[in-house]
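Visitor: Structure below; questions to follow.
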Amino acid sequence: MSKKQKTVSLVLGSGGARGLAHIGVIKWLEEHGYVIRSIAGSSMGALVGGIYATGKLDIYEHWVRALRKRDVMQLLDFAYSRAGLFSGDRIIRKLRDMLGETAIEDLSISFTAVATDLDAHREIWLTRGSLFDAIRASMAIPTVFTPVRYQGHLLVDGGLLNPVPIAPTLKDVTDMTVAVSLSGKEEKFTARRKDENDTKKIGNSYQRAIVEFIEGLQARFTRDEPEAGAEINVFDLMSQSYEAMENLITRFKLAAYNLDCLVEIPANACGIFEFYRAEEMIELGYERAQRSFGQGR
């Protein structure tokens, strides 16, 4: 690379806990002298990108690396609503307490969170207002998290219409555009780490019942091969249909633009709720960034 630092427009895709790989990509870019001037993100990409734009990604990384399975499950709060299983309020409240409230327009770099406007049937770019309100809207996976009424719009997950939001960066004056897709070709991975007896450590029987329910839901959202002849259930159908649609849209979006670099994270790298695998995902993101820039195997 030349002595002059290259400026980057960074596009961070949606994909649940796989989005922790975004942290590894950012770390690789910074360590190799790239300067991120602009970020656009959908869902988990909006979360990681927004926190990076506050200058506090190291605080979030330290926290998420320490999460265990029971910690993740306890962050998911039942919504008691027909609109979704979880409200997401507990997660956002934790982020606000840990990182402080910030307005998007006050960030030191350009940031866009992409969500889906159910009223207008189109994607919407959130570039002003509360950062964490925008992140919450961008992460509202239909039926999993309740929709968000934000700035007069009923919003859900940005990945529904734009899993890799390149368009918000097209007018940027930067040297290059780097996109990170979490819908890459599936690969074989070693068996995932398990927190043995983690559920048994939860305080009371009510809490354990909630955790066991969510763990059962998590199992339905992982991408393990089903047993031969097994009957598909509603959660399998919902998650597989959503991912099939998201993967197809991702391929169309990536084909429509000329990117300087594309980093792809395999779609089966981890399940959408497996945030307790942060260390693995961050390392994977770093390695795939290195590979994509031609410096890895």
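Chain labels A, B, ... are given in the sequence in which chains occur in the structure tokens; within each chain residues are numbered consecutively from 1, and ligands are likewise numbered from 1 in the order shown.
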Fewer than 5 positions away in the same chain doesn't count, so skip those; otherwise give me all residues within 8 Å of region 51-62 of chain A, counting only C-alpha atoms, as an mmCIF file with all heavy atoms, in the first residue's frame.
Guide:
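So out.cif came out as:
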```cif
data_model
loop_
_atom_site.group_PDB
_atom_site.id
_atom_site.type_symbol
_atom_site.label_atom_id
_atom_site.label_comp_id
_atom_site.auth_asym_id
_atom_site.auth_seq_id
_atom_site.Cartn_x
_atom_site.Cartn_y
_atom_site.Cartn_z
ATOM 1 N N ILE A 23 -16.393 -6.641 13.333
ATOM 2 C CA ILE A 23 -15.377 -6.082 14.230
ATOM 3 C C ILE A 23 -13.990 -6.494 13.762
ATOM 4 O O ILE A 23 -13.056 -5.685 13.731
ATOM 5 C CB ILE A 23 -15.616 -6.551 15.683
ATOM 6 C CG1 ILE A 23 -16.981 -6.066 16.185
ATOM 7 C CG2 ILE A 23 -14.495 -6.045 16.600
ATOM 8 C CD1 ILE A 23 -17.352 -6.611 17.562
ATOM 9 N N ILE A 39 -19.756 4.886 6.873
ATOM 10 C CA ILE A 39 -20.284 3.545 7.116
ATOM 11 C C ILE A 39 -21.779 3.523 6.802
ATOM 12 O O ILE A 39 -22.520 4.427 7.191
ATOM 13 C CB ILE A 39 -20.077 3.095 8.569
ATOM 14 C CG1 ILE A 39 -18.586 2.973 8.898
ATOM 15 C CG2 ILE A 39 -20.761 1.756 8.829
ATOM 16 C CD1 ILE A 39 -18.295 2.552 10.320
ATOM 17 N N LEU A 99 -22.532 2.744 26.562
ATOM 18 C CA LEU A 99 -21.852 3.616 25.599
ATOM 19 C C LEU A 99 -22.350 5.049 25.595
ATOM 20 O O LEU A 99 -21.698 5.936 25.028
ATOM 21 C CB LEU A 99 -22.009 3.029 24.187
ATOM 22 C CG LEU A 99 -21.518 1.585 24.023
ATOM 23 C CD1 LEU A 99 -21.929 1.037 22.662
ATOM 24 C CD2 LEU A 99 -20.005 1.500 24.193
ATOM 25 N N THR A 102 -26.166 9.034 21.724
ATOM 26 C CA THR A 102 -25.507 9.837 20.697
ATOM 27 C C THR A 102 -26.495 10.111 19.568
ATOM 28 O O THR A 102 -27.293 9.240 19.219
ATOM 29 C CB THR A 102 -24.284 9.096 20.114
ATOM 30 O OG1 THR A 102 -23.400 8.720 21.171
ATOM 31 C CG2 THR A 102 -23.538 9.967 19.113
ATOM 32 N N LEU A 107 -21.952 12.330 15.044
ATOM 33 C CA LEU A 107 -20.848 11.377 14.916
ATOM 34 C C LEU A 107 -19.706 11.990 14.113
ATOM 35 O O LEU A 107 -19.920 12.854 13.257
ATOM 36 C CB LEU A 107 -21.336 10.091 14.244
ATOM 37 C CG LEU A 107 -22.397 9.298 15.008
ATOM 38 C CD1 LEU A 107 -22.930 8.157 14.146
ATOM 39 C CD2 LEU A 107 -21.832 8.753 16.322
ATOM 40 N N SER A 108 -18.507 11.511 14.362
ATOM 41 C CA SER A 108 -17.327 12.082 13.700
ATOM 42 C C SER A 108 -17.174 11.603 12.258
ATOM 43 O O SER A 108 -16.429 12.196 11.483
ATOM 44 C CB SER A 108 -16.062 11.725 14.490
ATOM 45 O OG SER A 108 -15.909 10.311 14.584
ATOM 46 N N ILE A 109 -17.854 10.519 11.895
ATOM 47 C CA ILE A 109 -17.828 10.050 10.516
ATOM 48 C C ILE A 109 -19.262 9.872 10.026
ATOM 49 O O ILE A 109 -20.193 9.739 10.820
ATOM 50 C CB ILE A 109 -17.048 8.724 10.351
ATOM 51 C CG1 ILE A 109 -17.750 7.577 11.093
ATOM 52 C CG2 ILE A 109 -15.619 8.866 10.845
ATOM 53 C CD1 ILE A 109 -17.095 6.237 10.877
ATOM 54 N N SER A 110 -19.445 9.845 8.715
ATOM 55 C CA SER A 110 -20.764 9.683 8.125
ATOM 56 C C SER A 110 -21.305 8.284 8.427
ATOM 57 O O SER A 110 -20.602 7.296 8.266
ATOM 58 C CB SER A 110 -20.680 9.903 6.616
ATOM 59 O OG SER A 110 -21.904 9.605 5.995
ATOM 60 N N PHE A 111 -22.577 8.220 8.852
ATOM 61 C CA PHE A 111 -23.170 6.932 9.198
ATOM 62 C C PHE A 111 -24.618 6.873 8.724
ATOM 63 O O PHE A 111 -25.384 7.818 8.907
ATOM 64 C CB PHE A 111 -23.131 6.691 10.706
ATOM 65 C CG PHE A 111 -23.865 5.450 11.134
ATOM 66 C CD1 PHE A 111 -23.337 4.189 10.881
ATOM 67 C CD2 PHE A 111 -25.095 5.537 11.771
ATOM 68 C CE1 PHE A 111 -24.025 3.038 11.248
ATOM 69 C CE2 PHE A 111 -25.792 4.400 12.152
ATOM 70 C CZ PHE A 111 -25.247 3.146 11.892
#
```
Visitor: Excluding Val8 (chain A) and any residue of its chain fewer than 6 positions from it, enumerate the residues within 12 Å of it, using only C-alpha atoms, and give them as a PyMOL selection string.
Guide: chain A and resi 26+29-30+33-40+109-110+169-170+172-179+259-261
Visitor: Could you work out how far CA of Met245 (chain A) lies from CA of His121 (chain A), giving the answer in Å with one decimal?
Guide: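 Taking CA of His121 (chain A) and CA of Met245 (chain A), their separation equals 15.9 Å.
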Visitor: Neighbours of region 124-138 of chain A within 6 Å (only C-alpha atoms; same-chain residues fewer than 3 positions away dropped), as a ChimeraX atom specification?
Guide: /A:42-43,46-47,102-105,112-116,148,155-158
Visitor: Excluding Leu12 (chain A) and residues on its chain fewer than 2 positions from it, collect all residues at most 6 Å away from it, counting only C-alpha atoms, and give them as number ranges by chain.
Guide: A: 41, 45, 180
Visitor: Can you tell me, as a PyMOL selection string, what residues are no more than 9 Å from Phe293 (chain A) when counting only C-alpha atoms, ignoring any on the same chain fewer than 4 positions away?
Guide: chain A and resi 261-263+288-289
Visitor: Take the residues from that selection and write them out as a short mmCIF file (atom, residue, chain, number, x, y, z; two decimals), in the first residue's frame, keeping C-alpha atoms.
Guide:
```
data_model
loop_
_atom_site.label_atom_id
_atom_site.label_comp_id
_atom_site.auth_asym_id
_atom_site.auth_seq_id
_atom_site.Cartn_x
_atom_site.Cartn_y
_atom_site.Cartn_z
CA CYS A 261 -13.16 -5.13 -2.16
CA LEU A 262 -15.75 -7.65 -0.97
CA VAL A 263 -15.27 -9.57 2.27
CA ARG A 288 -11.38 -13.02 5.79
CA ALA A 289 -10.45 -9.36 5.45
#
```
Visitor: What's around Glu283 (chain A) at 10 Å? Count only C-alpha atoms, leave out sequence neighbours fewer than 4 positions away in its own chain, and write the answer as a list in words.
Guide: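 Once the nearby chain positions are removed, what remains is Leu20, Ala21, His22, Ile23, Gly24, Val25, Lys27, Trp28, Ala278, Glu279, Glu287, Arg288 and Ala289 of chain A.
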Visitor: Name the residues in contact with Gly88 (chain A) at a cut-off of 8 Å, using only C-alpha atoms, excluding same-chain residues fewer than 6 positions from it; report them as a ChimeraX atom specification.
Guide: /A:76-77,136,145-146
Visitor: Selection from above, all heavy atoms, as a JSON list (two decimals), in the first residue's frame, can you write it?
Guide:
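Writing done, so here's part37.json:
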```json
[["chain", "number", "residue", "atom", "x", "y", "z"],
["A", 76, "LEU", "N", -32.50, -11.19, 25.95],
["A", 76, "LEU", "CA", -33.68, -11.26, 25.09],
["A", 76, "LEU", "C", -34.93, -11.18, 25.95],
["A", 76, "LEU", "O", -35.19, -12.06, 26.77],
["A", 76, "LEU", "CB", -33.66, -12.57, 24.29],
["A", 76, "LEU", "CG", -32.51, -12.72, 23.30],
["A", 76, "LEU", "CD1", -32.50, -14.13, 22.71],
["A", 76, "LEU", "CD2", -32.62, -11.70, 22.18],
["A", 77, "ASP", "N", -35.69, -10.10, 25.80],
["A", 77, "ASP", "CA", -36.87, -9.87, 26.63],
["A", 77, "ASP", "C", -38.15, -10.12, 25.84],
["A", 77, "ASP", "O", -38.36, -9.56, 24.78],
["A", 77, "ASP", "CB", -36.87, -8.44, 27.18],
["A", 77, "ASP", "CG", -36.50, -7.39, 26.14],
["A", 77, "ASP", "OD1", -36.07, -7.77, 25.03],
["A", 77, "ASP", "OD2", -36.65, -6.20, 26.43],
["A", 136, "ARG", "N", -31.90, 0.05, 16.63],
["A", 136, "ARG", "CA", -33.00, -0.84, 17.03],
["A", 136, "ARG", "C", -33.96, -1.08, 15.86],
["A", 136, "ARG", "O", -34.40, -2.21, 15.63],
["A", 136, "ARG", "CB", -33.74, -0.22, 18.22],
["A", 136, "ARG", "CG", -35.05, -0.90, 18.59],
["A", 136, "ARG", "CD", -34.85, -2.31, 19.09],
["A", 136, "ARG", "NE", -36.14, -2.94, 19.38],
["A", 136, "ARG", "CZ", -36.88, -3.59, 18.49],
["A", 136, "ARG", "NH1", -36.46, -3.72, 17.24],
["A", 136, "ARG", "NH2", -38.03, -4.13, 18.83],
["A", 145, "PHE", "N", -38.15, -9.75, 16.47],
["A", 145, "PHE", "CA", -38.23, -8.53, 17.25],
["A", 145, "PHE", "C", -39.42, -7.69, 16.78],
["A", 145, "PHE", "O", -39.74, -7.67, 15.59],
["A", 145, "PHE", "CB", -36.94, -7.70, 17.11],
["A", 145, "PHE", "CG", -35.75, -8.34, 17.76],
["A", 145, "PHE", "CD1", -34.75, -8.92, 17.00],
["A", 145, "PHE", "CD2", -35.63, -8.36, 19.14],
["A", 145, "PHE", "CE1", -33.64, -9.52, 17.60],
["A", 145, "PHE", "CE2", -34.54, -8.96, 19.76],
["A", 145, "PHE", "CZ", -33.53, -9.53, 18.98],
["A", 146, "THR", "N", -40.05, -7.00, 17.70],
["A", 146, "THR", "CA", -41.20, -6.18, 17.34],
["A", 146, "THR", "C", -40.76, -5.02, 16.44],
["A", 146, "THR", "O", -39.65, -4.52, 16.56],
["A", 146, "THR", "CB", -41.87, -5.61, 18.60],
["A", 146, "THR", "OG1", -40.90, -4.89, 19.38],
["A", 146, "THR", "CG2", -42.49, -6.71, 19.44]]
```
Visitor: So how many Å separate CA of Asn162 (chain A) and CA of Arg149 (chain A), to one decimal?
Guide: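 These two atoms are separated by 19.3 Å.
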Visitor: Region 42-291 of chain A: which residues are strand (DSSP E) by DSSP, as a VMD selection string?
Guide: chain A and resid 42 78 to 81 84 to 86 110 to 117 122 to 126 143 to 145 148 to 150 153 to 157 176 to 184 261 to 266
Visitor: Given only C-alpha atoms as the basis, pick out the residue of A:Ile249, A:Leu254, A:Ile92, A:Val144 nearest to Tyr80 (chain A).
Guide: A:Val144
Visitor: CA of Asp89 (chain A) and CA of Leu75 (chain A), how far apart in Å?
Guide: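 Straight-line distance from CA of Leu75 (chain A) to CA of Asp89 (chain A) works out to 8.9 Å.
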